[in-house]
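Trainee: Dropping in my_file-v1.txt, which is compact mmCIF, C-alpha atoms:
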# COMPACT_ATOMS: atom_id res chain seq x y z
CA MET J 219 132.92 -37.65 -18.11
CA VAL J 220 134.82 -40.96 -18.09
CA ASP J 221 138.55 -40.87 -17.34
CA ASP J 222 140.21 -43.44 -19.60
CA SER J 223 143.80 -42.49 -18.79
CA PRO J 224 146.18 -45.34 -17.94
CA THR J 225 146.55 -46.41 -14.33
CA ALA J 226 149.49 -47.87 -12.49
CA LEU J 227 150.06 -50.40 -9.73
CA ILE J 228 152.79 -50.02 -7.14
CA VAL J 229 153.97 -53.44 -6.00
CA PHE J 230 155.90 -53.73 -2.74
CA CYS J 231 158.37 -56.59 -2.42
CA THR J 232 161.15 -57.07 0.12
CA CYS J 233 164.46 -58.79 -0.65
CA PRO J 234 167.10 -60.09 1.75
CA ASP J 235 170.05 -58.24 0.22
CA GLU J 236 171.23 -55.83 -2.46
CA ALA J 237 172.24 -58.57 -4.91
CA SER J 238 168.84 -60.28 -4.97
CA ALA J 239 167.06 -56.89 -5.12
CA ALA J 240 169.19 -55.82 -8.11
CA GLN J 241 168.77 -59.13 -9.92
CA LEU J 242 164.99 -59.13 -9.46
CA SER J 243 164.71 -55.46 -10.48
CA GLU J 244 166.71 -55.99 -13.66
CA THR J 245 164.74 -59.11 -14.56
CA LEU J 246 161.38 -57.38 -14.17
CA VAL J 247 162.38 -54.32 -16.20
CA HIS J 248 164.12 -56.40 -18.88
CA GLN J 249 160.99 -58.55 -19.31
CA ARG J 250 158.85 -55.36 -19.50
CA LEU J 251 156.91 -56.47 -16.43
CA ALA J 252 157.87 -53.25 -14.68
CA ALA J 253 158.50 -49.75 -15.98
CA CYS J 254 160.67 -48.84 -13.00
CA VAL J 255 161.81 -50.43 -9.76
CA ASN J 256 163.07 -48.40 -6.81
CA SER J 257 165.27 -50.27 -4.33
CA ILE J 258 165.32 -48.84 -0.83
CA PRO J 259 168.07 -50.32 1.37
CA GLY J 260 168.21 -50.31 5.13
CA LEU J 261 164.68 -51.49 5.80
CA ARG J 262 164.20 -53.26 9.12
CA SER J 263 161.39 -55.82 9.06
CA THR J 264 159.89 -57.45 12.14
CA TYR J 265 157.47 -60.28 11.47
CA LEU J 266 156.11 -63.58 12.75
CA TRP J 267 157.48 -66.66 10.97
CA ASP J 268 157.34 -70.29 12.09
CA GLY J 269 155.85 -69.23 15.41
CA ALA J 270 158.68 -66.85 16.33
CA VAL J 271 159.22 -63.12 16.00
CA GLN J 272 161.99 -62.43 13.48
CA THR J 273 163.82 -59.19 12.69
CA ASP J 274 165.90 -58.79 9.52
CA GLN J 275 167.50 -56.09 7.41
CA GLU J 276 165.96 -56.02 3.93
CA HIS J 277 165.71 -54.01 0.73
CA LEU J 278 162.25 -52.77 -0.22
CA LEU J 279 161.39 -52.78 -3.91
CA MET J 280 158.72 -50.37 -5.16
CA ILE J 281 157.76 -51.78 -8.53
CA LYS J 282 155.69 -49.70 -10.97
CA THR J 283 153.64 -51.78 -13.40
CA SER J 284 150.31 -51.91 -15.20
CA ARG J 285 147.32 -53.90 -14.04
CA ARG J 286 147.50 -55.93 -17.25
CA ARG J 287 151.08 -57.06 -16.53
CA TYR J 288 150.53 -57.84 -12.83
CA PRO J 289 149.81 -61.60 -13.20
CA ALA J 290 153.04 -62.17 -15.15
CA LEU J 291 154.97 -59.96 -12.73
CA GLU J 292 153.71 -61.96 -9.75
CA THR J 293 154.71 -65.21 -11.46
CA ALA J 294 158.19 -63.86 -12.24
CA ILE J 295 158.73 -62.78 -8.64
CA ARG J 296 157.55 -66.13 -7.27
CA ASN J 297 159.84 -68.00 -9.70
CA THR J 298 163.01 -66.00 -8.95
CA HIS J 299 162.68 -64.70 -5.39
CA PRO J 300 164.91 -66.33 -2.75
CA TYR J 301 162.19 -66.32 -0.05
CA GLU J 302 159.85 -69.25 0.43
CA LEU J 303 156.98 -66.75 0.71
CA PRO J 304 157.90 -63.42 -0.89
CA GLU J 305 156.06 -60.25 0.03
CA ILE J 306 154.02 -59.22 -3.01
CA LEU J 307 151.53 -56.43 -2.24
CA ALA J 308 150.02 -54.34 -5.02
CA VAL J 309 148.20 -51.06 -4.57
CA GLU J 310 146.62 -49.01 -7.29
CA ALA J 311 147.84 -45.45 -7.65
CA ALA J 312 144.80 -43.26 -6.97
CA LEU J 313 146.21 -40.38 -8.98
CA GLY J 314 149.35 -39.59 -10.89
CA LEU J 315 150.90 -37.34 -13.48
CA PRO J 316 149.13 -38.42 -16.69
CA ASP J 317 152.35 -38.45 -18.72
CA TYR J 318 154.05 -40.64 -16.10
CA LEU J 319 151.10 -43.04 -16.01
CA GLN J 320 151.22 -43.25 -19.81
CA TRP J 321 154.96 -43.98 -19.65
CA VAL J 322 154.36 -46.84 -17.16
CA HIS J 323 151.69 -48.25 -19.46
CA ASP J 324 153.92 -47.96 -22.55
CA ALA J 325 157.03 -49.34 -20.81
CA CYS J 326 155.10 -52.42 -19.66
CA SER J 327 153.67 -53.18 -23.08
CA PRO J 328 155.18 -56.36 -24.50
What do you get writing this file as structure tokens?

Mentor:
Amino acid sequence: MVDDSPTALIVFCTCPDEASAAQLSETLVHQRLAACVNSIPGLRSTYLWDGAVQTDQEHLLMIKTSRRRYPALETAIRNTHPYELPEILAVEAALGLPDYLQWVHDACSP
């Protein structure tokens, strides 16, 4: 039996502050590139940049989208994000409530 139910991607993206996280979230949902965006404040990120270890407070966005809308979502993030190199990591949801997956698919339909 072939499962043809909709799937969803969860895209992780960090932002430097609440204002940029809110602006990006609203843009993505308004453009129907995301069904929902969760913003998680208080994230502490430690990373290597320009040859030095950096530590910053950030907001983590968990963006729910469809595979079909991912290319446009990535472009929108790159065009509006304040970072020179924004974190954009997408993972496919292995399983999910079928009605929720259908909602993500429908909400991301242009």

Trainee: If we count all atoms listed in the file and set the cut-off at 12 Å, which residues sit around Ala237 of chain J, ignoring sequence neighbours fewer than 2 positions away in its own chain? Please answer as an mmCIF file with C-alpha atoms, in the coordinates of the input.

Mentor:
data_model
loop_
_atom_site.group_PDB
_atom_site.id
_atom_site.type_symbol
_atom_site.label_atom_id
_atom_site.label_comp_id
_atom_site.auth_asym_id
_atom_site.auth_seq_id
_atom_site.Cartn_x
_atom_site.Cartn_y
_atom_site.Cartn_z
ATOM 1 C CA CYS J 233 164.460 -58.790 -0.650
ATOM 2 C CA PRO J 234 167.100 -60.090 1.750
ATOM 3 C CA ASP J 235 170.050 -58.240 0.220
ATOM 4 C CA ALA J 239 167.060 -56.890 -5.120
ATOM 5 C CA ALA J 240 169.190 -55.820 -8.110
ATOM 6 C CA GLN J 241 168.770 -59.130 -9.920
ATOM 7 C CA LEU J 242 164.990 -59.130 -9.460
ATOM 8 C CA SER J 243 164.710 -55.460 -10.480
ATOM 9 C CA GLU J 244 166.710 -55.990 -13.660
ATOM 10 C CA SER J 257 165.270 -50.270 -4.330
ATOM 11 C CA PRO J 259 168.070 -50.320 1.370
ATOM 12 C CA GLU J 276 165.960 -56.020 3.930
ATOM 13 C CA HIS J 277 165.710 -54.010 0.730
ATOM 14 C CA HIS J 299 162.680 -64.700 -5.390
ATOM 15 C CA PRO J 300 164.910 -66.330 -2.750
#

Trainee: With only C-alpha atoms as the atoms that count, which of J:Glu310, J:Glu292, J:Asp274, J:Asp268 lies nearest to Leu227 of chain J?

Mentor: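 Distance minimum relative to Leu227 of chain J lands on J:Glu310.
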
Trainee: Give me, as a ChimeraX atom specification, all polymer residues having an atom no more than 12 Å from Tyr318 of chain J, counting only C-alpha atoms and skipping those fewer than 2 positions away in the same chain.

Mentor: /J:223-226,253-254,282-284,311,313-316,320-325

Trainee: Expressed in Å to a single decimal, how great is the separation between atom CA of Leu279 of chain J and atom CA of Val229 of chain J?

Mentor: 7.7 Å

Trainee: Enter the distance from atom CA of Val247 of chain J to atom CA of Leu291 of chain J, in Å, rounded to one decimal.

Mentor: 9.9 Å

Trainee: Just to confirm, what's the straight-line distance from atom CA of Thr232 of chain J to atom CA of Glu305 of chain J in Å (one decimal)?

Mentor: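 Atom CA of Thr232 of chain J sits 6.0 Å away from atom CA of Glu305 of chain J.
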